[in-house]
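Listing of entry_39.cif, mmCIF, C-alpha atoms
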data_run
#
loop_
_atom_site.group_PDB
_atom_site.id
_atom_site.type_symbol
_atom_site.label_atom_id
_atom_site.label_comp_id
_atom_site.auth_asym_id
_atom_site.auth_seq_id
_atom_site.Cartn_x
_atom_site.Cartn_y
_atom_site.Cartn_z
ATOM 1 C CA ASN A 1 49.547 76.726 104.722
ATOM 2 C CA PHE A 2 51.131 73.344 105.332
ATOM 3 C CA SER A 3 51.094 70.686 107.972
ATOM 4 C CA LEU A 4 54.217 71.012 110.117
ATOM 5 C CA LYS A 5 55.273 67.793 111.796
ATOM 6 C CA PRO A 6 58.323 67.315 114.054
ATOM 7 C CA GLY A 7 61.245 66.071 112.013
ATOM 8 C CA ALA A 8 63.725 65.327 114.773
ATOM 9 C CA GLN A 9 63.534 61.843 116.246
ATOM 10 C CA ASN A 10 65.287 62.436 119.546
ATOM 11 C CA ASN A 11 64.098 61.708 123.068
ATOM 12 C CA ASN A 12 65.918 64.812 124.327
ATOM 13 C CA LEU A 13 63.772 67.136 122.187
ATOM 14 C CA ARG A 14 61.374 69.177 124.287
ATOM 15 C CA VAL A 15 58.802 71.486 122.688
ATOM 16 C CA VAL A 16 57.598 74.329 124.919
ATOM 17 C CA THR A 17 54.267 75.922 124.027
ATOM 18 C CA PRO A 18 52.602 79.036 125.505
ATOM 19 C CA THR A 19 50.287 76.823 127.591
ATOM 20 C CA GLN A 20 53.349 75.711 129.537
ATOM 21 C CA GLN A 21 54.504 79.217 130.469
ATOM 22 C CA GLN A 22 54.132 78.692 134.190
ATOM 23 C CA GLN A 23 56.398 75.663 134.285
ATOM 24 C CA GLN A 24 59.883 76.058 135.674
ATOM 25 C CA LEU A 25 62.240 75.591 132.743
ATOM 26 C CA PRO A 26 65.848 74.587 133.305
ATOM 27 C CA SER A 27 68.730 76.974 132.864
ATOM 28 C CA SER A 28 70.041 76.519 129.350
ATOM 29 C CA PRO A 29 71.682 78.291 126.428
ATOM 30 C CA VAL A 30 69.077 80.228 124.451
ATOM 31 C CA VAL A 31 69.040 80.665 120.669
ATOM 32 C CA ILE A 32 66.689 83.025 118.837
ATOM 33 C CA LEU A 33 65.865 82.409 115.169
ATOM 34 C CA SER A 34 65.202 85.578 113.164
ATOM 35 C CA HIS A 35 63.470 85.083 109.825
ATOM 36 C CA GLY A 36 63.857 87.351 106.816
ATOM 37 C CA TYR A 37 61.517 89.619 104.874
ATOM 38 C CA LEU A 38 58.221 87.849 104.028
ATOM 39 C CA GLY A 39 59.422 84.851 106.057
ATOM 40 C CA SER A 40 57.803 83.172 109.045
ATOM 41 C CA ARG A 41 58.572 81.463 112.330
ATOM 42 C CA PHE A 42 58.649 78.132 110.436
ATOM 43 C CA ASP A 43 61.469 79.082 108.051
ATOM 44 C CA LEU A 44 64.308 77.556 110.073
ATOM 45 C CA TYR A 45 62.442 74.819 111.910
ATOM 46 C CA PRO A 46 64.886 72.003 110.919
ATOM 47 C CA LEU A 47 67.648 74.015 112.588
ATOM 48 C CA ALA A 48 65.391 74.647 115.602
ATOM 49 C CA GLU A 49 64.794 70.929 116.057
ATOM 50 C CA ALA A 50 68.465 70.089 115.656
ATOM 51 C CA LEU A 51 69.458 72.696 118.253
ATOM 52 C CA ALA A 52 66.716 71.645 120.687
ATOM 53 C CA SER A 53 67.867 68.030 120.474
ATOM 54 C CA GLU A 54 71.310 69.209 121.614
ATOM 55 C CA GLY A 55 69.945 70.947 124.708
ATOM 56 C CA PHE A 56 69.405 74.497 123.447
ATOM 57 C CA LEU A 57 66.213 76.391 124.250
ATOM 58 C CA VAL A 58 65.156 77.700 120.832
ATOM 59 C CA LEU A 59 62.792 80.634 120.286
ATOM 60 C CA SER A 60 61.372 81.434 116.862
ATOM 61 C CA PRO A 61 59.335 84.657 116.926
ATOM 62 C CA GLU A 62 57.320 85.952 114.009
ATOM 63 C CA TYR A 63 58.155 89.476 112.907
ATOM 64 C CA PRO A 64 55.815 92.031 111.285
ATOM 65 C CA GLU A 65 56.949 91.494 107.674
ATOM 66 C CA SER A 66 55.828 87.865 107.722
ATOM 67 C CA LEU A 67 53.389 86.671 105.066
ATOM 68 C CA ALA A 68 51.880 84.446 107.747
ATOM 69 C CA ASP A 69 50.184 87.614 109.033
ATOM 70 C CA SER A 70 49.588 86.113 112.474
ATOM 71 C CA PHE A 71 49.116 89.485 114.192
ATOM 72 C CA ASP A 72 48.364 93.131 113.469
ATOM 73 C CA ALA A 73 51.560 95.170 113.815
ATOM 74 C CA THR A 74 49.624 98.426 114.215
ATOM 75 C CA ILE A 75 48.087 99.276 117.592
ATOM 76 C CA ILE A 76 45.298 101.863 117.421
ATOM 77 C CA ASP A 77 44.447 104.184 120.301
ATOM 78 C CA PRO A 78 40.775 103.348 121.028
ATOM 79 C CA SER A 79 39.968 106.870 122.210
ATOM 80 C CA SER A 80 41.452 108.806 119.299
ATOM 81 C CA GLY A 81 41.467 106.207 116.551
ATOM 82 C CA GLU A 82 45.037 107.186 115.722
ATOM 83 C CA ILE A 83 48.024 104.890 115.434
ATOM 84 C CA GLN A 84 49.503 104.479 118.897
ATOM 85 C CA THR A 85 52.305 102.021 118.252
ATOM 86 C CA ILE A 86 53.777 100.159 115.302
ATOM 87 C CA ILE A 87 55.286 96.893 116.467
ATOM 88 C CA ASP A 88 58.768 96.339 115.049
ATOM 89 C CA ARG A 89 61.403 93.624 115.251
ATOM 90 C CA ASP A 90 63.297 95.124 118.171
ATOM 91 C CA MET A 91 60.119 95.438 120.249
ATOM 92 C CA ILE A 92 59.268 91.781 119.629
ATOM 93 C CA THR A 93 62.763 90.559 120.467
ATOM 94 C CA ASN A 94 62.957 92.658 123.635
ATOM 95 C CA GLN A 95 59.529 91.525 124.812
ATOM 96 C CA LEU A 96 60.454 87.918 124.102
ATOM 97 C CA LEU A 97 63.527 88.252 126.316
ATOM 98 C CA LEU A 98 61.422 89.739 129.120
ATOM 99 C CA THR A 99 58.876 86.929 128.830
ATOM 100 C CA LEU A 100 61.662 84.376 128.817
ATOM 101 C CA LYS A 101 63.026 85.603 132.132
ATOM 102 C CA GLN A 102 59.987 86.978 133.959
ATOM 103 C CA THR A 103 57.157 84.690 132.850
ATOM 104 C CA TRP A 104 58.897 81.471 131.875
ATOM 105 C CA LYS A 105 61.479 81.890 134.675
ATOM 106 C CA VAL A 106 64.378 80.832 132.458
ATOM 107 C CA THR A 107 67.921 81.687 133.464
ATOM 108 C CA PRO A 108 69.881 81.696 130.179
ATOM 109 C CA THR A 109 73.458 80.519 130.465
ATOM 110 C CA SER A 110 74.309 82.192 127.139
ATOM 111 C CA PHE A 111 72.617 83.732 124.123
ATOM 112 C CA GLY A 112 72.859 83.018 120.426
ATOM 113 C CA ILE A 113 70.880 84.377 117.500
ATOM 114 C CA VAL A 114 70.598 83.087 113.936
ATOM 115 C CA GLY A 115 69.372 85.447 111.234
ATOM 116 C CA HIS A 116 68.442 84.852 107.612
ATOM 117 C CA SER A 117 68.522 87.735 105.126
ATOM 118 C CA LEU A 118 66.831 90.713 106.845
ATOM 119 C CA GLY A 119 67.101 88.705 110.048
ATOM 120 C CA CYS A 120 70.867 89.254 109.972
ATOM 121 C CA GLY A 121 70.181 92.904 110.800
ATOM 122 C CA THR A 122 68.084 91.789 113.757
ATOM 123 C CA ALA A 123 70.939 89.540 114.856
ATOM 124 C CA GLU A 124 73.385 92.433 114.621
ATOM 125 C CA ARG A 125 71.226 94.772 116.737
ATOM 126 C CA SER A 126 70.165 92.276 119.389
ATOM 127 C CA GLY A 127 72.104 91.748 122.597
ATOM 128 C CA ASP A 128 75.690 92.680 123.328
ATOM 129 C CA ASP A 129 79.088 91.379 122.202
ATOM 130 C CA SER A 130 78.708 88.267 124.370
ATOM 131 C CA TRP A 131 75.904 87.026 122.099
ATOM 132 C CA ILE A 132 76.921 84.495 119.455
ATOM 133 C CA ARG A 133 75.675 85.357 115.973
ATOM 134 C CA VAL A 134 75.048 83.327 112.845
ATOM 135 C CA CYS A 135 74.201 85.201 109.655
ATOM 136 C CA LEU A 136 72.763 83.297 106.689
ATOM 137 C CA ALA A 137 72.369 84.823 103.212
ATOM 138 C CA GLY A 138 72.611 88.380 104.488
ATOM 139 C CA PHE A 139 75.391 90.472 105.964
ATOM 140 C CA PRO A 140 78.030 89.366 108.486
ATOM 141 C CA SER A 141 78.326 91.006 111.865
ATOM 142 C CA SER A 142 80.748 93.924 112.085
ATOM 143 C CA ARG A 143 80.862 94.064 115.882
ATOM 144 C CA GLY A 144 84.143 94.425 117.747
ATOM 145 C CA LYS A 145 87.061 92.085 118.381
ATOM 146 C CA GLY A 146 85.458 90.148 121.205
ATOM 147 C CA SER A 147 82.329 89.229 119.272
ATOM 148 C CA LYS A 148 81.773 85.891 117.538
ATOM 149 C CA CYS A 149 79.931 85.244 114.296
ATOM 150 C CA LEU A 150 79.525 82.571 111.631
ATOM 151 C CA PHE A 151 78.597 83.921 108.195
ATOM 152 C CA VAL A 152 77.251 81.633 105.459
ATOM 153 C CA GLY A 153 76.591 82.970 101.974
ATOM 154 C CA SER A 154 76.473 81.859 98.363
ATOM 155 C CA THR A 155 77.604 83.156 95.000
ATOM 156 C CA ASN A 156 74.214 82.023 93.628
ATOM 157 C CA ASP A 157 72.305 84.320 95.978
ATOM 158 C CA GLY A 158 70.261 86.515 93.657
ATOM 159 C CA ALA A 159 68.679 88.622 96.415
ATOM 160 C CA VAL A 160 71.673 89.657 98.552
ATOM 161 C CA SER A 161 74.927 89.548 96.622
ATOM 162 C CA VAL A 162 77.671 87.893 98.625
ATOM 163 C CA ASN A 163 80.101 90.384 97.095
ATOM 164 C CA ARG A 164 78.618 93.038 99.368
ATOM 165 C CA ALA A 165 79.792 91.046 102.393
ATOM 166 C CA LEU A 166 83.388 90.539 101.319
ATOM 167 C CA SER A 167 84.735 93.844 102.633
ATOM 168 C CA VAL A 168 83.082 93.298 106.026
ATOM 169 C CA LEU A 169 84.574 89.812 106.211
ATOM 170 C CA SER A 170 88.018 91.156 105.388
ATOM 171 C CA ASP A 171 87.870 94.209 107.663
ATOM 172 C CA ASN A 172 86.732 92.101 110.621
ATOM 173 C CA ASN A 173 89.235 89.250 110.186
ATOM 174 C CA TYR A 174 86.812 86.437 109.396
ATOM 175 C CA VAL A 175 88.507 83.117 108.670
ATOM 176 C CA SER A 176 87.283 81.427 105.487
ATOM 177 C CA LEU A 177 86.209 77.787 105.765
ATOM 178 C CA GLU A 178 86.887 75.395 102.895
ATOM 179 C CA GLU A 179 83.607 74.418 101.252
ATOM 180 C CA ASP A 180 84.775 71.000 100.022
ATOM 181 C CA ARG A 181 86.143 70.054 103.418
ATOM 182 C CA ILE A 182 82.979 71.126 105.240
ATOM 183 C CA ARG A 183 80.757 69.302 102.725
ATOM 184 C CA THR A 184 82.796 66.117 103.104
ATOM 185 C CA MET A 185 82.738 66.245 106.899
ATOM 186 C CA MET A 186 78.974 66.816 107.001
ATOM 187 C CA ALA A 187 78.319 64.029 104.482
ATOM 188 C CA GLU A 188 80.414 61.603 106.542
ATOM 189 C CA GLY A 189 78.899 62.714 109.836
ATOM 190 C CA ARG A 190 82.286 63.665 111.235
ATOM 191 C CA GLN A 191 82.714 66.029 114.154
ATOM 192 C CA LEU A 192 83.740 69.547 113.286
ATOM 193 C CA PRO A 193 87.207 70.732 114.257
ATOM 194 C CA THR A 194 87.434 73.794 116.474
ATOM 195 C CA LEU A 195 86.136 76.665 114.371
ATOM 196 C CA PRO A 196 87.478 80.240 114.531
ATOM 197 C CA PRO A 197 85.373 82.707 116.564
ATOM 198 C CA LYS A 198 84.712 84.596 113.331
ATOM 199 C CA ALA A 199 84.272 82.205 110.447
ATOM 200 C CA SER A 200 82.725 82.353 106.996
ATOM 201 C CA LEU A 201 81.587 79.739 104.496
ATOM 202 C CA ILE A 202 80.744 80.870 100.972
ATOM 203 C CA PHE A 203 79.219 78.311 98.628
ATOM 204 C CA THR A 204 80.411 78.516 95.030
ATOM 205 C CA GLY A 205 79.706 76.700 91.782
ATOM 206 C CA ALA A 206 76.697 76.078 89.595
ATOM 207 C CA ASP A 207 74.867 74.089 92.294
ATOM 208 C CA ALA A 208 75.487 76.588 95.104
ATOM 209 C CA PRO A 209 72.388 77.516 97.149
ATOM 210 C CA ASN A 210 70.211 80.484 96.254
ATOM 211 C CA HIS A 211 68.782 82.986 98.723
ATOM 212 C CA ILE A 212 65.975 80.805 100.064
ATOM 213 C CA SER A 213 67.719 77.428 99.829
ATOM 214 C CA PHE A 214 68.660 78.009 103.484
ATOM 215 C CA LEU A 215 65.001 77.773 104.554
ATOM 216 C CA SER A 216 62.909 74.675 105.238
ATOM 217 C CA GLU A 217 61.630 72.658 102.314
ATOM 218 C CA GLU A 218 58.024 72.902 103.494
ATOM 219 C CA THR A 219 57.921 76.697 103.698
ATOM 220 C CA ASN A 220 59.683 77.072 100.363
ATOM 221 C CA ASP A 221 57.388 74.603 98.613
ATOM 222 C CA ALA A 222 54.333 76.357 100.038
ATOM 223 C CA MET A 223 55.598 79.730 98.810
ATOM 224 C CA VAL A 224 56.496 78.383 95.369
ATOM 225 C CA ASP A 225 53.009 76.879 95.035
ATOM 226 C CA PHE A 226 51.494 80.208 96.041
ATOM 227 C CA LEU A 227 53.645 82.200 93.617
ATOM 228 C CA SER A 228 53.825 79.635 90.806
ATOM 229 C CA PRO A 229 51.612 81.568 88.324
ATOM 230 C CA LEU A 230 53.966 84.552 88.573
ATOM 231 C CA LEU A 231 57.366 82.881 88.633
ATOM 232 C CA PRO A 232 57.756 82.106 84.890
ATOM 233 C CA VAL A 233 56.919 85.728 84.072
ATOM 234 C CA ALA A 234 59.324 87.001 86.732
ATOM 235 C CA ARG A 235 62.038 84.731 85.374
ATOM 236 C CA SER A 236 61.585 85.869 81.776
ATOM 237 C CA LEU A 237 61.494 89.546 82.720
ATOM 238 C CA LYS A 238 64.319 89.156 85.255
ATOM 239 C CA ILE A 239 62.167 90.578 88.034
ATOM 240 C CA PRO A 240 63.685 89.802 91.470
ATOM 241 C CA VAL A 241 61.417 87.652 93.625
ATOM 242 C CA LEU A 242 63.803 86.698 96.447
ATOM 243 C CA ASP A 243 65.017 83.717 94.364
ATOM 244 C CA PHE A 244 61.709 81.846 94.511
ATOM 245 C CA ASP A 245 61.991 81.552 90.731
ATOM 246 C CA LEU A 246 65.404 79.902 91.137
ATOM 247 C CA TYR A 247 64.194 77.636 93.904
ATOM 248 C CA GLN A 248 61.307 76.445 91.752
ATOM 249 C CA LEU A 249 63.990 74.807 89.597
ATOM 250 C CA SER A 250 66.612 73.845 92.202
ATOM 251 C CA ARG A 251 64.455 72.500 95.073
ATOM 252 C CA ASP A 252 67.619 72.218 97.162
ATOM 253 C CA SER A 253 66.527 73.046 100.723
ATOM 254 C CA ARG A 254 67.362 69.573 101.999
ATOM 255 C CA ALA A 255 70.757 69.479 100.277
ATOM 256 C CA CYS A 256 71.612 72.900 101.672
ATOM 257 C CA GLY A 257 70.364 71.952 105.136
ATOM 258 C CA ASP A 258 72.458 68.796 105.162
ATOM 259 C CA VAL A 259 75.513 71.066 105.264
ATOM 260 C CA VAL A 260 74.311 74.235 106.959
ATOM 261 C CA VAL A 261 72.302 72.772 109.867
ATOM 262 C CA PRO A 262 75.101 70.609 111.349
ATOM 263 C CA LEU A 263 77.614 73.403 110.689
ATOM 264 C CA VAL A 264 75.534 75.947 112.610
ATOM 265 C CA VAL A 265 74.764 73.491 115.415
ATOM 266 C CA GLY A 266 78.446 72.599 115.728
ATOM 267 C CA TYR A 267 79.516 76.242 115.756
ATOM 268 C CA LEU A 268 76.982 77.188 118.428
ATOM 269 C CA LYS A 269 77.880 74.195 120.576
ATOM 270 C CA GLN A 270 81.534 75.255 120.494
ATOM 271 C CA THR A 271 81.033 78.974 121.063
ATOM 272 C CA MET A 272 78.195 78.653 123.616
ATOM 273 C CA ASN A 273 80.129 76.065 125.657
ATOM 274 C CA MET A 274 77.722 73.133 125.233
#
Serialized structure, structure tokens:
Amino acid sequence: NFSLKPGAQNNNLRVVTPTQQQQQLPSSPVVILSHGYLGSRFDLYPLAEALASEGFLVLSPEYPESLADSFDATIIDPSSGEIQTIIDRDMITNQLLLTLKQTWKVTPTSFGIVGHSLGCGTAERSGDDSWIRVCLAGFPSSRGKGSKCLFVGSTNDGAVSVNRALSVLSDNNYVSLEEDRIRTMMAEGRQLPTLPPKASLIFTGADAPNHISFLSEETNDAMVDFLSPLLPVARSLKIPVLDFDLYQLSRDSRACGDVVVPLVVGYLKQTMNM
């Protein structure tokens, strides 16, 4: 557990909680954040705040594989005692969309979804080809010609090898972005040029991000503290632990976010007509 405090200092940022469900929310572009295996709804909160400050309505559901364990994914039939339903990612996403429209009375002007790791599969399955997708440290979308997707990966990803994505990127005509140019533009706070509808950025080099560098510093630090007794053993025995052993040494969430967050925000603003 950790204390989560808003990081964005922007008067345009509006946080909507369940107690405000009956309020009439404005029509706006909607972005769903889909965390990975063992992740939580907090994993991408710096991106959520950055998007919200730009006028997006951002939804960050928690899926059943989360270590936060905020709900029981198994529904038992009270009469028989047998398993009635097992809640999965698609059920949660679909129910969230229904609640968005029917309960919160939101009229989305467009949809986007950002997935990390396993969440990239959720991004691929959700919605139709009009949805804008961003896939981080997972697999790029292989939807048809009219679809749009930004893929961001790293050669230092020890959980999902970026090499497994290369054929999908090639077969689906993704345009490769130059890492040095993007890093320089983000560091200088310059506006992004018009990005291709299907674009990819692959970090390379010794200081390239690992699998969980894309997540918030707070969630990563909390997980490293929780797993710290096991990480040296995992490292010595080369046991995969979703790169938490690598992150214990790199501590590079902020450095990664300084590039990835403005890149994703800029891409979604362009493709979702903000």
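Closest to Gly55 of chain A among A:Leu96, A:Met272, A:Ile87, A:Val162 is A:Met272, based on all atoms listed in the file.
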What's the 10 Å shell around Glu65 of chain A, counting all atoms listed in the file, without same-chain residues fewer than 3 positions away, as a count of residues only? 13
Protein/DNA/RNA residues near (66.0, 84.8, 110.2), cut 6 Å, only C-alpha atoms, as a short mmCIF file (atom, residue, chain, number, x, y, z; two decimals) with C-alpha atoms, in the coordinates of the input:
data_model
loop_
_atom_site.label_atom_id
_atom_site.label_comp_id
_atom_site.auth_asym_id
_atom_site.auth_seq_id
_atom_site.Cartn_x
_atom_site.Cartn_y
_atom_site.Cartn_z
CA LEU A 33 65.86 82.41 115.17
CA SER A 34 65.20 85.58 113.16
CA HIS A 35 63.47 85.08 109.82
CA GLY A 36 63.86 87.35 106.82
CA GLY A 115 69.37 85.45 111.23
CA HIS A 116 68.44 84.85 107.61
CA GLY A 119 67.10 88.70 110.05
#
Starting from the displayed file, determine the output of the PyMOL selection byres ((chain A and resi 131-138) around 8) and express the residue list as an MDAnalysis selection string. chainID A and resid 110:120 123:124 127:130 139:141 147:154 157 160 162 165 211 214 264 268 271:272
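As for atom CA of Val261 of chain A and atom CA of Asp43 of chain A, they are spaced 12.7 Å apart.
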Can you list, as a PyMOL selection string, the residues that the PyMOL selection byres ((chain A and resi 57) around 8) selects here? chain A and resi 28-31+51-52+55-56+58-59
Please produce a file of those selected residues containing C-alpha atoms, as a PDB file, in the frame of the given file.
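Generated output (again_18.pdb):
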ATOM      1  CA  SER A  28      70.041  76.519 129.350  1.00  0.00           C
ATOM      2  CA  PRO A  29      71.682  78.291 126.428  1.00  0.00           C
ATOM      3  CA  VAL A  30      69.077  80.228 124.451  1.00  0.00           C
ATOM      4  CA  VAL A  31      69.040  80.665 120.669  1.00  0.00           C
ATOM      5  CA  LEU A  51      69.458  72.696 118.253  1.00  0.00           C
ATOM      6  CA  ALA A  52      66.716  71.645 120.687  1.00  0.00           C
ATOM      7  CA  GLY A  55      69.945  70.947 124.708  1.00  0.00           C
ATOM      8  CA  PHE A  56      69.405  74.497 123.447  1.00  0.00           C
ATOM      9  CA  VAL A  58      65.156  77.700 120.832  1.00  0.00           C
ATOM     10  CA  LEU A  59      62.792  80.634 120.286  1.00  0.00           C
TER      11      LEU A  59
END
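The interatomic distance for the pair atom CA of Ala159 of chain A and atom CA of Leu192 of chain A works out to 29.6 Å.
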I need the residue nearest Ala206 of chain A from this list: A:Leu249, A:Thr155, A:Val224, A:Ser27. Use all atoms listed in the file for the distance. A:Thr155
Is it possible to get the axis-aligned box enclosing segment 244-254 of chain A (all listed atoms, 3 Å extra per side) as lines of an AutoDock Vina configuration file, with centre and edge lengths in Å rounded to one decimal?
center_x = 64.5
center_y = 75.7
center_z = 95.8
size_x = 12.3
size_y = 18.3
size_z = 18.4
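Shortest separation to Ile86 of chain A among A:Lys101, A:Tyr63, A:Val106, A:Arg164 occurs at residue A:Tyr63, atoms counted being all atoms listed in the file.
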Counting only C-alpha atoms, closest pick from A:Leu263, A:Leu97, A:Met185, A:Ala199 relative to Asn172 of chain A is A:Ala199
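Note that the spacing between atom CA of Gln248 of chain A and atom CA of Ala208 of chain A amounts to 14.6 Å.
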Contacts of segment 179-184 of chain A within 12 Å, only C-alpha atoms, excl. fewer than 4 positions in-chain, as a PyMOL selection string: chain A and resi 152-154+188-193+195+200-205+208+255-264+266
